[in-house]
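First the structure, in the form of structure tokens, and then the observations on it.
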Amino acid sequence: MTLAPHQNMRLDFSEATRAVQQMLNGFIERLPYLLVALVVFIIFYSVSRGVRSLVRQISERARRHQNLALVLGRVAQGLIIFVGLLVALVIAIPGFTPGQLVSILGISSVAVGFAFRDILQNFLAGILILLSEPFRLGDQIKIGEFEGTVEDIQTRATFIRTYDGRRVVIPNASLFTNSVTVNTAFEKRRLQYDFGIGYGDDIARAKQTVLETVRGIPEILHEPAPDALVVELGGSSVNIRLRYWVSPSRRYDVLMAQDAVLERVKNALQQAGIDLPFPTQQILFHDQTEEWDGDRTQQREGWPAAKSAEKMPKPSRISSALQHVSTHMTGENDQTTRRDA
């Protein structure tokens, strides 16, 4: 006898209900273990936060290696949380062992080692930076095109806040292998600025005016004393370099000191009648067919003047040169006309 198709496809809901019931019974049986595992994990988490807080308090008292103490506190917190997680899993899941978690994560595999190579490199570089402390939290550093204040030093990267309010995350390996300028490594910092005076001005008087002005600025240190040195005889000015020291050496203080110095020095030089020339260029015109052209003992442009005024030729004017050229061209045209005739 052949059964109808709808009789062959009949579902047995009793088996499905029995399976769901077994799952619920198993969950209810494990519920106390899950609650105990959750409580254990919360205890480990609370202990980890307490350890990190304790390390932070100790680091605030001991200024040396403060950054390293903070990172070690963070690492200790992570290890305690990891141990708490393992204990909670052993309690909650029957038959679970930490070795199973290690095999699942594949920590011992070579592929994972290559994948985490950069992470381990940054981690080791971060530990070395924290041990040597080339800079600390709050220092202002410059690396490559980035410059700002160090906000946080972690085992993987260092966070700096730029002066225009942006955050830059720099891998520790880059900080460890490249040159880093620490602007706030010392309390005092020397600044300098070059300015030019006219060739006809008294250099000694200009130096005295500048130094007296700078000494009267509160932001400028008296020791080491500021100085002014002639560094170049430029094309249109005598260039003097003003050097002075400020403290503290943070970016804002440096800008404020520089603003005060430049404003007062400029006003003082103008009041003293000392010229602050801008780049100029002088163009001399002369008749290249004159008799003395090329004679270095008597030529005007670029060479010393003749010993007597009688021997010095008068400088040619543009109008005279143009008139000479016009006359020369007219004469050639007349000669051409006569030959054609």
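In the structure tokens, each chain is lettered A, B, ... as it comes, each chain's residues begin at 1, and ligands are numbered from 1 in order of appearance.
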Write out, as a Markdown table, each residue of range 198-283 of chain A that has an atom at most 12 Å from range 124-141 of chain A, together with the closest pair of atoms and their distance in Å to one decimal, counting only C-alpha atoms, rows going by chain and rising number.
```
| residue | atom | partner | partner_atom | distance |
| --- | --- | --- | --- | --- |
| A:Pro248 | CA | A:Gln140 | CA | 11.8 |
| A:Ser249 | CA | A:Gln140 | CA | 9.3 |
| A:Arg250 | CA | A:Gln140 | CA | 7.2 |
| A:Arg251 | CA | A:Gln140 | CA | 7.9 |
| A:Tyr252 | CA | A:Gln140 | CA | 11.0 |
```
### Message
For range 179-193 of chain A, find every residue with an atom within 10 Å (counting only C-alpha atoms), except residues of its own chain fewer than 5 positions away, and show them as a PyMOL selection string.
### Response
chain A and resi 134-136+138-144+147-149+174+220-221+224+226-228+240-251+254+257-258+261-262
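Minimum distance to Ser48 in chain A across A:Ile80, A:Val75, A:Met256, A:Val150 (counting only C-alpha atoms) occurs at A:Ile80.
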### Query
Any idea what the distance is between CA of Thr162 in chain A and CA of Phe146 in chain A?
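According to the coordinates, CA of Thr162 in chain A and CA of Phe146 in chain A are separated by 7.3 Å.
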### Task
Using DSSP on the backbone coordinates, identify the residues of range 160-218 of chain A assigned to strand (DSSP E or B); present them as a list in words.
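Written out, the strand (DSSP E or B) residues of range 160-218 of chain A are Ile160, Arg161, Thr162, Arg167, Val168, Val169, Ile170, Pro171, Thr181, Val182, Arg189, Arg190, Leu191, Gln192, Tyr193, Asp194, Phe195, Gly196 and Ile197 of chain A.
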Could the residues in this selection be written to a file with C-alpha atoms, as a CSV table (one decimal), in the first residue's frame?
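In the end it all went to selection.csv:
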```
chain,number,residue,atom,x,y,z
A,160,ILE,CA,50.5,64.0,20.3
A,161,ARG,CA,48.2,67.0,20.1
A,162,THR,CA,49.3,69.5,17.5
A,167,ARG,CA,45.6,64.4,17.4
A,168,VAL,CA,48.4,62.5,15.7
A,169,VAL,CA,49.1,58.8,16.4
A,170,ILE,CA,52.8,57.9,15.8
A,171,PRO,CA,54.0,54.3,16.0
A,181,THR,CA,63.3,67.1,18.5
A,182,VAL,CA,62.2,67.7,22.1
A,189,ARG,CA,65.7,78.0,25.0
A,190,ARG,CA,67.6,80.3,22.6
A,191,LEU,CA,65.9,82.1,19.8
A,192,GLN,CA,67.3,84.2,17.0
A,193,TYR,CA,66.3,86.6,14.2
A,194,ASP,CA,68.2,88.2,11.4
A,195,PHE,CA,67.4,91.8,10.4
A,196,GLY,CA,69.2,94.2,8.0
A,197,ILE,CA,70.3,97.8,8.3
```
### Query
CA of Glu151 in chain A and CA of Asn122 in chain A, how far apart in Å?
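Atom-to-atom, CA of Asn122 in chain A to CA of Glu151 in chain A, that is 17.7 Å.
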### Task
Do a neighbour search on Asp201 in chain A at 10 Å with only C-alpha atoms, toss out local chain neighbours closer than 6 positions, and write the hits as a list in words.
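After dropping sequence-adjacent residues, the list is Ser237, Val238, Gly273, Ile274, Asp275 and Leu276 of chain A.
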With a distance cut-off of 10 Å and only C-alpha atoms, select the neighbouring residues of Phe123 in chain A, excluding the residue or stretch itself and same-chain residues fewer than 5 positions from it, and output the selection as a tab-separated table (two decimals) with C-alpha atoms, in the first residue's frame.
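The result, stored in out.tsv:
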```
chain	number	residue	atom	x	y	z
A	117	ARG	CA	55.49	41.33	13.70
A	118	ASP	CA	54.83	45.07	13.42
A	128	LEU	CA	62.57	51.02	25.29
A	129	ILE	CA	61.20	54.55	24.92
A	154	GLN	CA	51.28	53.53	24.99
A	155	THR	CA	53.05	50.31	24.18
A	156	ARG	CA	52.01	50.50	20.53
A	157	ALA	CA	51.98	54.21	19.71
A	171	PRO	CA	53.97	54.30	15.95
A	172	ASN	CA	56.65	53.82	18.58
A	173	ALA	CA	58.97	52.15	16.06
```
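Between CA of Ile42 in chain A and CA of Ala76 in chain A there is a distance of 16.0 Å.
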### Shell of 7 Å around Gly73 in chain A, only C-alpha atoms, local chain residues under 6 positions omitted, as a PyMOL selection string
chain A and resi 51-52+55
Grab the residues selected above and save them as a CSV table (one decimal), in the first residue's frame with N, CA and C atoms.
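Below is the file that was written, selection-v9.csv:
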```
chain,number,residue,atom,x,y,z
A,51,VAL,N,44.7,47.8,40.9
A,51,VAL,CA,46.1,47.7,40.7
A,51,VAL,C,46.6,48.8,39.8
A,52,ARG,N,45.8,49.1,38.8
A,52,ARG,CA,46.2,50.3,37.9
A,52,ARG,C,46.2,51.6,38.6
A,55,VAL,N,49.2,51.8,40.9
A,55,VAL,CA,50.4,52.1,40.2
A,55,VAL,C,50.5,53.5,39.8
```
### Selected residue of minimal separation from Ala260 in chain A among A:Gly234, A:Gly50, A:Pro218, A:Gly200, counting only C-alpha atoms
A:Pro218
### Query
Taking only C-alpha atoms into account, which of A:Met23, A:Val231, A:Leu34, A:Leu54 comes nearest Arg74 in chain A?
A:Leu54
### Query
Excluding same-chain residues fewer than 4 positions from Phe41 in chain A, what lies within 8 Å of it counting only C-alpha atoms, as a PyMOL selection string?
chain A and resi 37+45+81+84-85+87-88
### Task
Per DSSP on the backbone, filter range 139-278 of chain A down to the residues in helix (DSSP H, G or I) and report them as number ranges by chain.
A: 172-177, 203-215, 251-271
The selected residues should be written to file as a compact mmCIF listing (two decimals), in the first residue's frame (atoms: N, CA and C atoms).
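For reference, again.txt as written:
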```txt
# COMPACT_ATOMS: atom_id res chain seq x y z
N ASN A 172 55.45 53.70 17.76
CA ASN A 172 56.65 53.82 18.58
C ASN A 172 57.91 53.44 17.82
N ALA A 173 57.79 52.52 16.85
CA ALA A 173 58.97 52.15 16.06
C ALA A 173 59.51 53.36 15.29
N SER A 174 58.63 54.22 14.79
CA SER A 174 59.07 55.43 14.08
C SER A 174 59.78 56.39 15.03
N LEU A 175 59.25 56.53 16.24
CA LEU A 175 59.88 57.41 17.22
C LEU A 175 61.23 56.89 17.66
N PHE A 176 61.37 55.56 17.71
CA PHE A 176 62.62 54.98 18.20
C PHE A 176 63.72 54.99 17.15
N THR A 177 63.37 54.89 15.87
CA THR A 177 64.37 54.80 14.82
C THR A 177 64.64 56.13 14.12
N ILE A 203 76.89 100.50 12.47
CA ILE A 203 76.62 99.15 12.95
C ILE A 203 76.63 99.09 14.47
N ALA A 204 77.64 99.73 15.09
CA ALA A 204 77.74 99.69 16.55
C ALA A 204 76.52 100.34 17.20
N ARG A 205 76.06 101.44 16.63
CA ARG A 205 74.88 102.12 17.18
C ARG A 205 73.63 101.26 17.02
N ALA A 206 73.51 100.56 15.89
CA ALA A 206 72.36 99.68 15.67
C ALA A 206 72.37 98.53 16.68
N LYS A 207 73.56 97.94 16.91
CA LYS A 207 73.65 96.86 17.90
C LYS A 207 73.25 97.35 19.28
N GLN A 208 73.76 98.51 19.68
CA GLN A 208 73.45 99.04 21.00
C GLN A 208 71.96 99.30 21.15
N THR A 209 71.34 99.85 20.12
CA THR A 209 69.90 100.13 20.18
C THR A 209 69.10 98.85 20.34
N VAL A 210 69.47 97.83 19.59
CA VAL A 210 68.74 96.56 19.64
C VAL A 210 68.89 95.90 21.00
N LEU A 211 70.12 95.84 21.53
CA LEU A 211 70.35 95.16 22.80
C LEU A 211 69.69 95.90 23.96
N GLU A 212 69.72 97.21 23.95
CA GLU A 212 69.03 97.96 25.00
C GLU A 212 67.53 97.73 24.96
N THR A 213 66.99 97.61 23.76
CA THR A 213 65.55 97.36 23.62
C THR A 213 65.19 95.97 24.14
N VAL A 214 65.99 94.98 23.79
CA VAL A 214 65.70 93.60 24.19
C VAL A 214 65.82 93.41 25.69
N ARG A 215 66.79 94.05 26.30
CA ARG A 215 66.97 93.91 27.76
C ARG A 215 65.78 94.45 28.54
N ARG A 251 55.79 76.39 23.39
CA ARG A 251 55.46 77.05 22.13
C ARG A 251 54.81 78.41 22.34
N TYR A 252 53.85 78.49 23.23
CA TYR A 252 53.13 79.75 23.43
C TYR A 252 54.07 80.83 23.96
N ASP A 253 54.91 80.48 24.93
CA ASP A 253 55.83 81.45 25.49
C ASP A 253 56.85 81.92 24.46
N VAL A 254 57.29 81.00 23.60
CA VAL A 254 58.25 81.37 22.55
C VAL A 254 57.62 82.36 21.57
N LEU A 255 56.39 82.12 21.17
CA LEU A 255 55.72 83.03 20.23
C LEU A 255 55.49 84.41 20.84
N MET A 256 55.09 84.44 22.12
CA MET A 256 54.87 85.72 22.77
C MET A 256 56.16 86.53 22.89
N ALA A 257 57.27 85.85 23.22
CA ALA A 257 58.55 86.53 23.33
C ALA A 257 59.00 87.05 21.97
N GLN A 258 58.84 86.25 20.94
CA GLN A 258 59.25 86.67 19.60
C GLN A 258 58.41 87.85 19.13
N ASP A 259 57.13 87.84 19.41
CA ASP A 259 56.28 88.96 19.02
C ASP A 259 56.73 90.25 19.69
N ALA A 260 57.03 90.19 20.98
CA ALA A 260 57.47 91.39 21.71
C ALA A 260 58.81 91.89 21.19
N VAL A 261 59.73 90.98 20.88
CA VAL A 261 61.06 91.38 20.42
C VAL A 261 60.97 92.05 19.05
N LEU A 262 60.28 91.44 18.11
CA LEU A 262 60.23 92.00 16.76
C LEU A 262 59.52 93.35 16.73
N GLU A 263 58.44 93.47 17.48
CA GLU A 263 57.71 94.73 17.48
C GLU A 263 58.55 95.86 18.07
N ARG A 264 59.19 95.62 19.22
CA ARG A 264 59.94 96.69 19.88
C ARG A 264 61.24 97.01 19.15
N VAL A 265 61.91 96.00 18.61
CA VAL A 265 63.15 96.26 17.88
C VAL A 265 62.88 97.08 16.63
N LYS A 266 61.81 96.75 15.91
CA LYS A 266 61.48 97.51 14.70
C LYS A 266 61.18 98.97 15.03
N ASN A 267 60.39 99.20 16.07
CA ASN A 267 60.06 100.58 16.45
C ASN A 267 61.29 101.33 16.95
N ALA A 268 62.16 100.65 17.72
CA ALA A 268 63.35 101.32 18.25
C ALA A 268 64.31 101.71 17.13
N LEU A 269 64.50 100.87 16.14
CA LEU A 269 65.39 101.21 15.04
C LEU A 269 64.85 102.36 14.21
N GLN A 270 63.55 102.37 14.00
CA GLN A 270 62.96 103.49 13.25
C GLN A 270 63.08 104.79 14.01
N GLN A 271 62.85 104.76 15.32
CA GLN A 271 62.98 105.98 16.12
C GLN A 271 64.42 106.47 16.15
```
